[in-house]
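Asks: So here's upload.cif, just mmCIF, C-alpha atoms:
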data_structure
loop_
_atom_site.label_atom_id
_atom_site.label_comp_id
_atom_site.auth_asym_id
_atom_site.auth_seq_id
_atom_site.Cartn_x
_atom_site.Cartn_y
_atom_site.Cartn_z
CA MET A 1 105.36 115.42 114.29
CA VAL A 2 102.28 117.48 113.43
CA GLU A 3 99.18 117.03 115.53
CA GLN A 4 96.04 116.22 113.60
CA VAL A 5 93.54 119.08 113.42
CA GLU A 6 90.32 117.97 115.08
CA THR A 7 87.19 117.79 112.98
CA SER A 8 84.01 119.57 114.04
CA MET A 9 80.92 117.80 115.36
CA SER A 10 78.64 120.78 115.97
CA GLU A 11 75.90 119.59 113.61
CA THR A 12 73.57 116.61 113.55
CA GLY A 13 71.63 114.88 110.81
CA LYS A 14 68.44 112.88 111.05
CA LEU A 15 67.74 109.43 109.68
CA CYS A 16 64.22 108.13 109.37
CA VAL A 17 64.11 104.35 109.84
CA ASP A 18 60.86 102.39 110.12
CA GLY A 19 59.02 105.56 111.00
CA SER A 20 61.39 106.58 113.79
CA GLU A 21 63.89 109.44 113.62
CA PHE A 22 67.47 109.06 114.82
CA GLU A 23 69.97 111.88 115.20
CA MET A 24 73.48 111.17 113.96
CA PRO A 25 76.51 113.46 114.42
CA VAL A 26 77.75 115.32 111.34
CA ILE A 27 81.55 115.37 111.08
CA VAL A 28 82.96 118.44 109.30
CA GLY A 29 86.53 118.20 108.04
CA THR A 30 89.04 121.03 107.85
CA GLU A 31 88.22 121.58 104.15
CA GLN A 32 84.47 121.61 104.98
CA GLU A 33 83.74 118.15 103.61
CA LYS A 34 80.94 116.56 105.61
CA ALA A 35 80.30 113.02 106.83
CA LEU A 36 77.45 111.43 108.74
CA ASP A 37 78.81 109.47 111.70
CA ILE A 38 76.87 106.18 111.64
CA GLY A 39 78.99 104.42 114.26
CA SER A 40 75.92 103.79 116.41
CA LEU A 41 73.50 103.03 113.56
CA ARG A 42 73.26 99.26 113.96
CA ALA A 43 73.08 99.38 117.76
CA ARG A 44 70.24 101.92 117.67
CA THR A 45 68.25 100.76 114.61
CA GLY A 46 69.33 97.23 113.72
CA TYR A 47 70.34 98.50 110.25
CA ILE A 48 73.71 98.78 108.53
CA THR A 49 74.60 100.72 105.40
CA LEU A 50 75.46 99.06 102.07
CA ASP A 51 78.06 100.84 99.95
CA ASP A 52 79.63 98.62 97.28
CA GLY A 53 83.22 99.68 96.73
CA TYR A 54 83.04 102.10 99.68
CA ALA A 55 82.48 105.02 97.31
CA ASN A 56 80.54 106.95 99.95
CA THR A 57 82.09 105.55 103.12
CA GLY A 58 84.75 107.25 105.21
CA ALA A 59 86.92 104.57 106.83
CA CYS A 60 89.06 106.85 108.97
CA ARG A 61 90.02 110.40 109.89
CA SER A 62 93.31 111.35 108.31
CA ALA A 63 95.45 114.49 108.19
CA ILE A 64 97.66 113.40 105.27
CA THR A 65 96.03 114.05 101.90
CA PHE A 66 93.04 116.05 100.69
CA ILE A 67 91.30 115.51 97.35
CA ASP A 68 88.43 117.45 95.81
CA GLY A 69 87.56 115.40 92.75
CA GLU A 70 84.99 117.84 91.40
CA LYS A 71 87.50 120.72 91.37
CA GLY A 72 90.58 118.67 90.48
CA ILE A 73 92.42 119.49 93.73
CA LEU A 74 95.14 117.40 95.38
CA HIS A 75 96.99 118.54 98.51
CA TYR A 76 99.71 116.76 100.49
CA ARG A 77 99.56 117.93 104.12
CA GLY A 78 97.74 121.04 102.88
CA ILE A 79 100.25 121.93 100.14
CA PRO A 80 98.91 121.92 96.53
CA ILE A 81 100.48 119.28 94.33
CA GLU A 82 101.28 121.94 91.72
CA GLN A 83 103.55 123.75 94.20
CA LEU A 84 105.32 120.57 95.22
CA ALA A 85 105.82 119.55 91.58
CA GLY A 86 107.37 122.92 90.82
CA LYS A 87 109.54 123.38 93.91
CA SER A 88 110.12 120.08 95.69
CA ARG A 89 111.52 116.64 94.93
CA PHE A 90 110.47 113.16 95.89
CA VAL A 91 112.63 112.68 98.99
CA GLU A 92 111.53 116.00 100.49
CA THR A 93 107.88 115.24 99.68
CA ALA A 94 108.25 111.81 101.30
CA TYR A 95 109.47 113.51 104.48
CA LEU A 96 106.49 115.87 104.36
CA LEU A 97 103.99 113.02 104.02
CA ILE A 98 105.50 110.78 106.69
CA TRP A 99 106.33 113.38 109.34
CA GLY A 100 103.82 116.12 108.53
CA GLU A 101 106.01 119.15 107.82
CA LEU A 102 108.49 120.21 105.17
CA PRO A 103 111.98 119.46 106.51
CA THR A 104 114.57 122.07 107.39
CA SER A 105 117.81 121.89 105.42
CA ASP A 106 119.44 119.95 108.27
CA GLN A 107 116.51 117.53 108.55
CA LEU A 108 116.50 116.91 104.80
CA ALA A 109 120.26 116.38 104.75
CA SER A 110 119.97 113.90 107.63
CA PHE A 111 117.11 112.02 105.96
CA SER A 112 118.96 111.86 102.63
CA ARG A 113 122.09 110.63 104.36
CA GLN A 114 120.16 107.86 106.10
CA LEU A 115 118.58 106.81 102.81
CA THR A 116 122.07 106.53 101.32
CA GLU A 117 123.60 104.69 104.28
CA ASN A 118 120.82 102.08 104.45
CA ALA A 119 120.50 101.27 100.76
CA LEU A 120 122.33 97.94 101.03
CA ILE A 121 120.27 94.88 101.89
CA HIS A 122 121.49 91.97 103.99
CA GLU A 123 123.61 89.63 101.86
CA GLY A 124 121.44 86.73 102.96
CA MET A 125 118.52 88.24 101.07
CA LYS A 126 120.31 87.69 97.78
CA TYR A 127 119.70 83.96 98.20
CA HIS A 128 115.98 84.59 98.53
CA PHE A 129 116.06 86.30 95.13
CA GLU A 130 117.97 83.40 93.64
CA GLY A 131 115.14 81.11 94.72
CA PHE A 132 112.73 82.81 92.31
CA PRO A 133 112.54 81.60 88.71
CA ASN A 134 113.49 84.32 86.24
CA THR A 135 109.92 84.22 84.93
CA SER A 136 108.66 85.65 88.25
CA HIS A 137 106.87 88.98 88.02
CA PRO A 138 108.88 91.77 89.70
CA MET A 139 105.84 92.75 91.80
CA ALA A 140 105.65 89.24 93.26
CA MET A 141 109.31 89.41 94.21
CA LEU A 142 108.99 92.92 95.60
CA SER A 143 106.06 92.01 97.85
CA ALA A 144 107.79 88.88 99.15
CA MET A 145 111.08 90.64 99.82
CA ILE A 146 109.50 93.60 101.63
CA ASN A 147 107.79 91.11 103.91
CA ALA A 148 111.08 89.25 104.38
CA LEU A 149 112.74 92.45 105.62
CA SER A 150 111.07 91.95 108.99
CA CYS A 151 113.09 88.74 109.39
CA TYR A 152 116.33 90.71 109.09
CA TYR A 153 115.13 93.71 111.10
CA PRO A 154 113.00 92.09 113.82
CA PHE A 155 112.66 95.31 115.81
CA VAL A 156 109.79 96.23 113.43
CA LEU A 157 107.70 93.43 114.94
CA GLU A 158 107.20 95.32 118.18
CA PHE A 159 107.84 99.04 118.29
CA GLU A 160 108.65 100.56 121.67
CA THR A 161 109.12 104.24 120.75
CA ASP A 162 108.28 106.69 117.98
CA LYS A 163 111.95 106.55 117.01
CA ASP A 164 111.55 102.85 116.20
CA ILE A 165 108.80 103.72 113.72
CA ASP A 166 110.92 106.47 112.19
CA LYS A 167 113.87 104.09 111.82
CA ALA A 168 111.71 101.40 110.22
CA ALA A 169 110.22 103.94 107.81
CA THR A 170 113.63 105.23 106.75
CA LEU A 171 115.02 101.71 106.29
CA LEU A 172 112.08 100.74 104.11
CA MET A 173 112.25 103.93 102.02
CA SER A 174 115.93 103.27 101.39
CA LYS A 175 115.89 99.54 100.75
CA VAL A 176 112.82 99.43 98.51
CA ARG A 177 114.93 100.76 95.61
CA THR A 178 117.45 97.98 96.01
CA LEU A 179 114.74 95.35 96.29
CA ALA A 180 113.05 96.74 93.15
CA ALA A 181 116.31 96.85 91.18
CA PHE A 182 117.25 93.31 92.24
CA SER A 183 113.77 92.12 91.22
CA TYR A 184 114.35 93.64 87.80
CA LYS A 185 117.78 92.06 87.48
CA MET A 186 116.36 88.64 88.39
CA SER A 187 113.67 88.97 85.73
CA LYS A 188 116.39 89.82 83.18
CA GLY A 189 118.79 87.10 84.31
CA GLN A 190 121.49 89.70 84.98
CA PRO A 191 123.87 90.03 87.95
CA PHE A 192 122.90 92.35 90.79
CA VAL A 193 124.36 95.85 90.91
CA TYR A 194 124.93 97.36 94.34
CA PRO A 195 123.78 100.86 95.28
CA ASP A 196 126.23 103.70 94.72
CA PRO A 197 126.54 106.02 97.76
CA ASN A 198 127.48 108.92 95.47
CA ARG A 199 124.14 108.93 93.67
CA ARG A 200 120.84 110.48 94.68
CA TYR A 201 117.66 108.52 95.36
CA VAL A 202 116.21 108.17 91.85
CA GLY A 203 119.55 108.12 90.07
CA ASN A 204 120.70 105.28 92.30
CA LEU A 205 117.65 103.21 91.37
CA LEU A 206 118.26 103.66 87.63
CA HIS A 207 121.97 102.92 88.13
CA MET A 208 121.16 99.61 89.87
CA MET A 209 118.64 98.67 87.18
CA PHE A 210 120.57 99.50 84.02
CA THR A 211 124.28 99.16 84.85
CA VAL A 212 125.81 95.91 83.61
CA PRO A 213 129.33 94.56 84.36
CA TYR A 214 130.72 95.71 81.02
CA LYS A 215 129.04 99.15 80.96
CA GLN A 216 128.34 101.73 83.64
CA TYR A 217 124.95 103.38 83.13
CA GLU A 218 125.12 107.17 83.19
CA VAL A 219 121.71 108.46 84.23
CA PRO A 220 120.49 111.28 81.95
CA ARG A 221 119.40 114.24 84.05
CA ALA A 222 116.11 114.45 82.14
CA PHE A 223 115.29 110.85 83.09
CA GLN A 224 116.16 111.41 86.74
CA LYS A 225 113.99 114.52 87.00
CA ALA A 226 111.07 112.92 85.18
CA LEU A 227 111.04 109.76 87.31
CA ASP A 228 111.45 111.82 90.48
CA LEU A 229 108.35 113.76 89.43
CA ILE A 230 106.40 110.56 88.73
CA PHE A 231 107.29 109.25 92.19
CA MET A 232 106.21 112.52 93.80
CA LEU A 233 102.86 112.62 91.99
CA HIS A 234 102.11 109.04 93.04
CA ALA A 235 103.31 109.46 96.65
CA ASP A 236 99.82 109.45 98.16
CA HIS A 237 96.23 109.57 97.02
CA GLU A 238 94.05 109.32 100.09
CA GLN A 239 92.15 106.04 100.76
CA ASN A 240 92.76 104.22 97.48
CA CYS A 241 92.69 100.43 97.25
CA SER A 242 96.32 99.78 98.22
CA THR A 243 96.43 102.42 100.97
CA SER A 244 93.18 101.10 102.43
CA THR A 245 94.76 97.64 102.34
CA VAL A 246 97.80 98.86 104.27
CA ARG A 247 95.55 100.43 106.89
CA MET A 248 93.28 97.39 107.13
CA VAL A 249 96.18 94.97 107.55
CA GLY A 250 97.81 97.37 110.01
CA SER A 251 94.60 97.54 112.04
CA ALA A 252 95.14 93.88 112.92
CA GLY A 253 98.42 94.84 114.59
CA ALA A 254 100.52 93.68 111.64
CA ASN A 255 103.94 95.29 111.39
CA LEU A 256 104.77 98.05 108.91
CA TYR A 257 106.64 95.80 106.48
CA SER A 258 103.96 93.11 106.22
CA SER A 259 101.27 95.80 105.87
CA VAL A 260 103.18 97.47 103.03
CA SER A 261 103.77 94.07 101.43
CA ALA A 262 99.98 93.62 101.32
CA GLY A 263 99.69 97.08 99.78
CA VAL A 264 102.07 96.02 97.00
CA CYS A 265 99.81 93.05 96.24
CA ALA A 266 96.75 95.32 96.04
CA LEU A 267 98.62 97.74 93.77
CA TRP A 268 99.53 94.87 91.45
CA GLY A 269 95.89 94.60 90.38
CA PRO A 270 95.33 95.79 86.81
CA LEU A 271 92.45 98.02 87.90
CA HIS A 272 94.77 99.88 90.29
CA GLY A 273 98.49 100.08 89.64
CA GLY A 274 98.41 98.35 86.26
CA ALA A 275 96.44 101.07 84.49
CA ASN A 276 99.47 102.78 82.90
CA MET A 277 100.46 99.46 81.33
CA GLY A 278 96.99 99.38 79.79
CA VAL A 279 97.54 102.83 78.29
CA ILE A 280 100.76 101.75 76.56
CA GLN A 281 99.13 98.57 75.28
CA MET A 282 96.20 100.60 73.93
CA LEU A 283 98.49 103.10 72.17
CA GLU A 284 100.53 100.24 70.68
CA GLN A 285 97.31 98.61 69.50
CA ILE A 286 96.29 101.85 67.78
CA GLN A 287 99.73 102.23 66.18
CA GLU A 288 100.09 98.62 65.02
CA GLY A 289 96.53 98.49 63.73
CA GLY A 290 96.88 101.73 61.83
CA MET A 291 93.71 103.03 63.46
CA ASP A 292 92.81 106.68 63.03
CA ILE A 293 91.79 108.73 66.06
CA ASP A 294 88.16 109.21 65.00
CA THR A 295 87.75 105.44 64.74
CA CYS A 296 89.24 104.97 68.23
CA VAL A 297 86.85 107.48 69.73
CA LYS A 298 83.89 105.92 67.91
CA LEU A 299 84.82 102.44 69.17
CA ALA A 300 85.34 103.74 72.72
CA LYS A 301 81.76 105.05 72.75
CA ASP A 302 80.40 101.72 71.52
CA LYS A 303 80.04 99.37 74.51
CA GLU A 304 79.79 96.39 72.18
CA SER A 305 83.10 97.07 70.40
CA GLY A 306 85.36 95.65 73.11
CA PHE A 307 87.70 98.63 72.70
CA ARG A 308 88.33 100.62 75.87
CA LEU A 309 89.91 104.05 76.03
CA MET A 310 92.53 103.59 78.75
CA GLY A 311 93.83 106.49 80.83
CA PHE A 312 90.59 108.46 80.81
CA GLY A 313 88.30 108.93 83.80
CA HIS A 314 88.95 108.41 87.49
CA ARG A 315 87.04 107.04 90.44
CA VAL A 316 87.51 110.29 92.37
CA TYR A 317 88.27 113.03 89.84
CA LYS A 318 85.33 114.43 87.89
CA ASN A 319 87.63 117.05 86.44
CA TYR A 320 91.07 116.99 84.84
CA ASP A 321 93.42 115.01 87.10
CA PRO A 322 95.91 117.66 88.32
CA ARG A 323 98.71 115.09 88.17
CA ALA A 324 98.00 114.42 84.49
CA LYS A 325 98.44 118.11 83.61
CA ILE A 326 101.84 118.12 85.29
CA LEU A 327 102.98 114.87 83.61
CA LYS A 328 101.81 116.00 80.18
CA ALA A 329 104.17 118.98 80.42
CA ALA A 330 106.92 116.72 81.77
CA ALA A 331 106.53 114.34 78.82
CA GLU A 332 106.95 117.23 76.39
CA ARG A 333 110.14 118.32 78.20
CA VAL A 334 111.62 114.81 78.25
CA PHE A 335 111.16 114.25 74.53
CA ALA A 336 112.35 117.77 73.69
CA GLN A 337 115.58 117.21 75.65
CA LEU A 338 116.09 113.81 74.07
CA ASN A 339 115.45 115.23 70.61
CA HIS A 340 113.42 112.10 70.05
CA ARG A 341 109.89 111.56 68.81
CA ASP A 342 107.81 108.70 70.15
CA PRO A 343 104.87 107.87 67.88
CA LEU A 344 102.90 106.81 70.95
CA LEU A 345 103.20 110.34 72.39
CA ASP A 346 101.88 111.79 69.14
CA ILE A 347 98.93 109.37 69.26
CA ALA A 348 98.28 110.26 72.90
CA ARG A 349 98.27 114.00 72.14
CA ARG A 350 95.80 113.61 69.30
CA LEU A 351 93.63 111.20 71.26
CA GLU A 352 93.41 113.58 74.22
CA GLU A 353 92.59 116.56 71.99
CA ARG A 354 89.88 114.64 70.17
CA ALA A 355 88.32 113.15 73.31
CA LEU A 356 88.23 116.47 75.17
CA SER A 357 86.26 118.05 72.34
CA ASP A 358 83.73 115.20 72.13
CA GLN A 359 80.44 115.77 73.95
CA TYR A 360 80.26 112.11 74.98
CA PHE A 361 83.41 112.43 77.09
CA ILE A 362 82.55 115.93 78.28
CA ASP A 363 79.13 114.84 79.57
CA ARG A 364 80.67 111.87 81.41
CA LYS A 365 83.57 113.95 82.73
CA LEU A 366 86.11 111.55 81.27
CA TYR A 367 89.37 113.47 81.43
CA PRO A 368 92.93 112.12 81.16
CA ASN A 369 94.26 110.73 84.43
CA VAL A 370 97.79 110.32 85.76
CA ASP A 371 98.22 106.96 83.99
CA PHE A 372 97.76 108.51 80.56
CA TYR A 373 101.22 110.08 80.45
CA SER A 374 103.24 108.28 83.16
CA GLY A 375 103.65 105.13 81.06
CA ILE A 376 104.87 107.11 78.03
CA ILE A 377 107.55 108.78 80.16
CA MET A 378 108.70 105.51 81.74
CA ARG A 379 108.83 103.92 78.30
CA ALA A 380 111.13 106.74 77.15
CA ILE A 381 113.39 106.16 80.17
CA GLY A 382 113.68 102.50 79.14
CA ILE A 383 111.65 100.97 81.95
CA PRO A 384 109.84 97.84 80.68
CA THR A 385 106.09 97.59 81.18
CA ASN A 386 106.36 94.79 83.77
CA MET A 387 108.25 97.26 85.98
CA PHE A 388 105.70 100.09 85.67
CA THR A 389 103.78 98.95 88.74
CA VAL A 390 107.01 98.52 90.70
CA MET A 391 107.79 102.17 89.98
CA PHE A 392 104.30 103.04 91.18
CA ALA A 393 104.96 101.11 94.41
CA ILE A 394 108.19 103.01 95.10
CA GLY A 395 106.37 106.28 94.57
CA ARG A 396 103.40 105.30 96.72
CA LEU A 397 105.56 104.00 99.58
CA PRO A 398 105.71 107.31 101.54
CA GLY A 399 101.92 107.46 101.56
CA TRP A 400 101.62 103.87 102.76
CA ILE A 401 104.12 104.55 105.54
CA ALA A 402 102.39 107.80 106.51
CA HIS A 403 98.97 106.13 106.77
CA TRP A 404 100.29 103.14 108.72
CA ARG A 405 102.16 105.48 111.07
CA GLU A 406 99.16 107.77 111.52
CA GLN A 407 96.88 104.86 112.36
CA PHE A 408 99.43 103.35 114.75
CA LEU A 409 99.97 106.62 116.61
CA GLN A 410 96.24 107.29 116.86
CA GLY A 411 96.17 104.12 118.93
CA SER A 412 92.47 103.33 118.56
CA GLY A 413 93.26 99.62 118.60
CA ARG A 414 90.12 98.87 116.62
CA ILE A 415 90.49 96.23 113.93
CA ALA A 416 88.85 96.99 110.58
CA ARG A 417 85.90 94.66 110.14
CA PRO A 418 83.25 95.61 107.53
CA ARG A 419 79.74 94.22 107.69
CA GLN A 420 77.85 92.58 104.84
CA VAL A 421 74.33 91.99 103.56
CA TYR A 422 73.95 88.22 103.30
CA THR A 423 72.26 87.04 100.07
CA GLY A 424 72.76 83.25 100.32
CA GLN A 425 70.43 80.41 101.26
CA GLN A 426 68.21 80.67 104.29
CA GLN A 427 68.68 78.08 107.02
CA ARG A 428 68.19 74.55 105.68
CA ASP A 429 68.91 70.98 106.75
CA TYR A 430 71.87 68.82 105.85
CA ILE A 431 70.99 66.17 103.19
CA ASP A 432 72.50 62.71 103.48
CA MET A 433 74.61 61.59 100.53
CA ASP A 434 72.24 58.85 99.34
CA LYS A 435 69.35 61.35 99.15
CA ARG A 436 71.11 64.03 97.09
CA ARG A 437 70.20 64.53 93.46
CA ALA A 438 72.70 65.40 90.74
#
Let me see whether you can do it: turn the structure in this file into structure tokens.
Replies:
Amino acid sequence: MVEQVETSMSETGKLCVDGSEFEMPVIVGTEQEKALDIGSLRARTGYITLDDGYANTGACRSAITFIDGEKGILHYRGIPIEQLAGKSRFVETAYLLIWGELPTSDQLASFSRQLTENALIHEGMKYHFEGFPNTSHPMAMLSAMINALSCYYPFVLEFETDKDIDKAATLLMSKVRTLAAFSYKMSKGQPFVYPDPNRRYVGNLLHMMFTVPYKQYEVPRAFQKALDLIFMLHADHEQNCSTSTVRMVGSAGANLYSSVSAGVCALWGPLHGGANMGVIQMLEQIQEGGMDIDTCVKLAKDKESGFRLMGFGHRVYKNYDPRAKILKAAAERVFAQLNHRDPLLDIARRLEERALSDQYFIDRKLYPNVDFYSGIIMRAIGIPTNMFTVMFAIGRLPGWIAHWREQFLQGSGRIARPRQVYTGQQQRDYIDMDKRRA
């Protein structure tokens, strides 16, 4: 376990409130990002801050992921994402995020072995799946079944040692693939396929999804590498909506599995994990409508058109999303190896080229994000759009676990409880029924 590097508090800032000045500590992170510590603001001034969407609010101190949106930088535990994408794989990166250091060969072998040995789920859980109608969304099933894991592994309800946390993390990392694959099979009305101990992490997932009783699915190496890369690039992204949800639920003392289950629900939102589905739908709309690229760009700039250019822009990045650059190259490799042309990829290429040369998008710093190419790759693999967000959840799981674990081990014991600015009615009297007007 790596100890968190302490932030500096050698500076102070001044706030002027109602004519009085108040000194507040300035927190300086290890990458020199600065924050004003307003923990005592309300007690000293009677004021709170208002920050819709928490765009300027730091909710915690974390040693897991660093993002510089202006420069297009993403680091996991200090290591640039470009290096990890070129040299690592998802399971090793998951170890790095959760436990803080790259594993030795023995540690990685042990972790991989545990992921293989724990891939089976309790047979009783199959009956839970059978209780869902086949019209159920796979994300709904995944969230419910992750939460149900705590019923079969009750030790997660009250950890006694760090080893208990590590065991729970490994179990969840292993079993989430099986839960995801079973959710897919239920939505297709097909029989479950058990995990194969001779397959690696990503290959095992695709085997469980696409093997049917009359035909064993042989996982193409190009698919396995591409999906492994997608998982790695999605593994953590600082305090996004779903990760913040995991930490907030965990702050109440909720166990790891229920906290992650809540994170799955947050990720299900179309403004978060569903964005890559929107990209595919947009590209299909362009293809089916026979729209030319110039028309698409013109409509995207017209707020009254109702057409939205999906996959461009990001809440944090004001530069090219580093993950998008990596996935663009991966998409080219996948289709080259398959010797297959996807018209949606051609549309995406032309759309990106056109948008990046348009002053409207340049001025607004609207660059392609990770969702722009991830959906195209998953479509090529054969993953249906209703499973895109499930894939995102599997990839993001190491980050969720790492943040829950970090918060738990910090042991502050303080429940997350934001304030609000009330804008409703002032105090008024109750009106009897016979005196109320319609």
Asks: Which polymer residues have any atom within 9 Å of an atom of stretch 282-297 of chain A, counting only C-alpha atoms, with same-chain residues fewer than 2 positions away left out, as an MDAnalysis selection string?
Replies: chainID A and resid 277:280 299:302 307:310 343:345 347:348 350:351 354:355 358
Asks: For A:Asp228, which residue out of A:Gly131, A:Gly382, A:Gly86, A:Gly424 is the nearest one, using all atoms listed in the file?
Replies: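 Checking each candidate against A:Asp228, we get A:Gly86 as the closest.
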Asks: Just checking: using all atoms listed in the file, which residue out of A:Met173, A:Ala85, A:Ile381, A:Ala55 ends up closest to A:Ala222?
Replies: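 Among the listed residues, the smallest separation from A:Ala222 belongs to A:Ile381.
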Asks: When the PyMOL selection byres ((chain A and resi 403) around 12) is applied to the structure above, which residues does it catch, written out as a short mmCIF file (atom, residue, chain, number, x, y, z; two decimals) with C-alpha atoms, in the coordinates of the input?
Replies:
data_model
loop_
_atom_site.label_atom_id
_atom_site.label_comp_id
_atom_site.auth_asym_id
_atom_site.auth_seq_id
_atom_site.Cartn_x
_atom_site.Cartn_y
_atom_site.Cartn_z
CA CYS A 60 89.06 106.85 108.97
CA ARG A 61 90.02 110.40 109.89
CA SER A 62 93.31 111.35 108.31
CA ALA A 63 95.45 114.49 108.19
CA ILE A 64 97.66 113.40 105.27
CA THR A 65 96.03 114.05 101.90
CA LEU A 97 103.99 113.02 104.02
CA ILE A 98 105.50 110.78 106.69
CA TRP A 99 106.33 113.38 109.34
CA GLY A 100 103.82 116.12 108.53
CA ALA A 169 110.22 103.94 107.81
CA ALA A 235 103.31 109.46 96.65
CA ASP A 236 99.82 109.45 98.16
CA HIS A 237 96.23 109.57 97.02
CA GLU A 238 94.05 109.32 100.09
CA GLN A 239 92.15 106.04 100.76
CA ASN A 240 92.76 104.22 97.48
CA SER A 242 96.32 99.78 98.22
CA THR A 243 96.43 102.42 100.97
CA SER A 244 93.18 101.10 102.43
CA THR A 245 94.76 97.64 102.34
CA VAL A 246 97.80 98.86 104.27
CA ARG A 247 95.55 100.43 106.89
CA MET A 248 93.28 97.39 107.13
CA VAL A 249 96.18 94.97 107.55
CA GLY A 250 97.81 97.37 110.01
CA SER A 251 94.60 97.54 112.04
CA LEU A 256 104.77 98.05 108.91
CA SER A 259 101.27 95.80 105.87
CA VAL A 260 103.18 97.47 103.03
CA GLY A 263 99.69 97.08 99.78
CA ARG A 396 103.40 105.30 96.72
CA LEU A 397 105.56 104.00 99.58
CA PRO A 398 105.71 107.31 101.54
CA GLY A 399 101.92 107.46 101.56
CA TRP A 400 101.62 103.87 102.76
CA ILE A 401 104.12 104.55 105.54
CA ALA A 402 102.39 107.80 106.51
CA TRP A 404 100.29 103.14 108.72
CA ARG A 405 102.16 105.48 111.07
CA GLU A 406 99.16 107.77 111.52
CA GLN A 407 96.88 104.86 112.36
CA PHE A 408 99.43 103.35 114.75
CA LEU A 409 99.97 106.62 116.61
CA GLN A 410 96.24 107.29 116.86
#
Asks: Specify as a tab-separated table (two decimals) with C-alpha atoms, in the frame of the given file each residue included when the PyMOL selection byres ((chain A and resi 48) around 9) is applied to this file.
Replies:
chain	number	residue	atom	x	y	z
A	38	ILE	CA	76.87	106.18	111.64
A	41	LEU	CA	73.50	103.03	113.56
A	42	ARG	CA	73.26	99.26	113.96
A	45	THR	CA	68.25	100.76	114.61
A	46	GLY	CA	69.33	97.23	113.72
A	47	TYR	CA	70.34	98.50	110.25
A	49	THR	CA	74.60	100.72	105.40
A	50	LEU	CA	75.46	99.06	102.07
A	419	ARG	CA	79.74	94.22	107.69
A	420	GLN	CA	77.85	92.58	104.84
A	421	VAL	CA	74.33	91.99	103.56
Asks: Quick one, how far is atom CA of A:Tyr184 from atom CA of A:Asp166?
Replies: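 Atom CA of A:Tyr184 sits 27.8 Å away from atom CA of A:Asp166.
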Asks: Quick one: residues within 10 Å of A:Glu31, only C-alpha atoms counted, chain neighbours fewer than 6 positions away excluded, as JSON, numbers by chain?
Replies: {"A": [7, 66, 67, 68, 78]}
Asks: Would you kindly translate the PyMOL selection byres ((chain A and resi 180) around 12) into the concrete residues it picks from this file, as an MDAnalysis selection string?
Replies: chainID A and resid 119 121 129 137:146 172:179 181:187 192:195 202 204:209 264 386:395
Asks: When distances are computed from only C-alpha atoms, which of A:Lys318, A:Ile431, A:Arg44, A:Asp371 shows the smallest separation from A:Glu21?
Replies: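 Between A:Lys318, A:Ile431, A:Arg44, A:Asp371, the residue approaching A:Glu21 most closely is A:Arg44.
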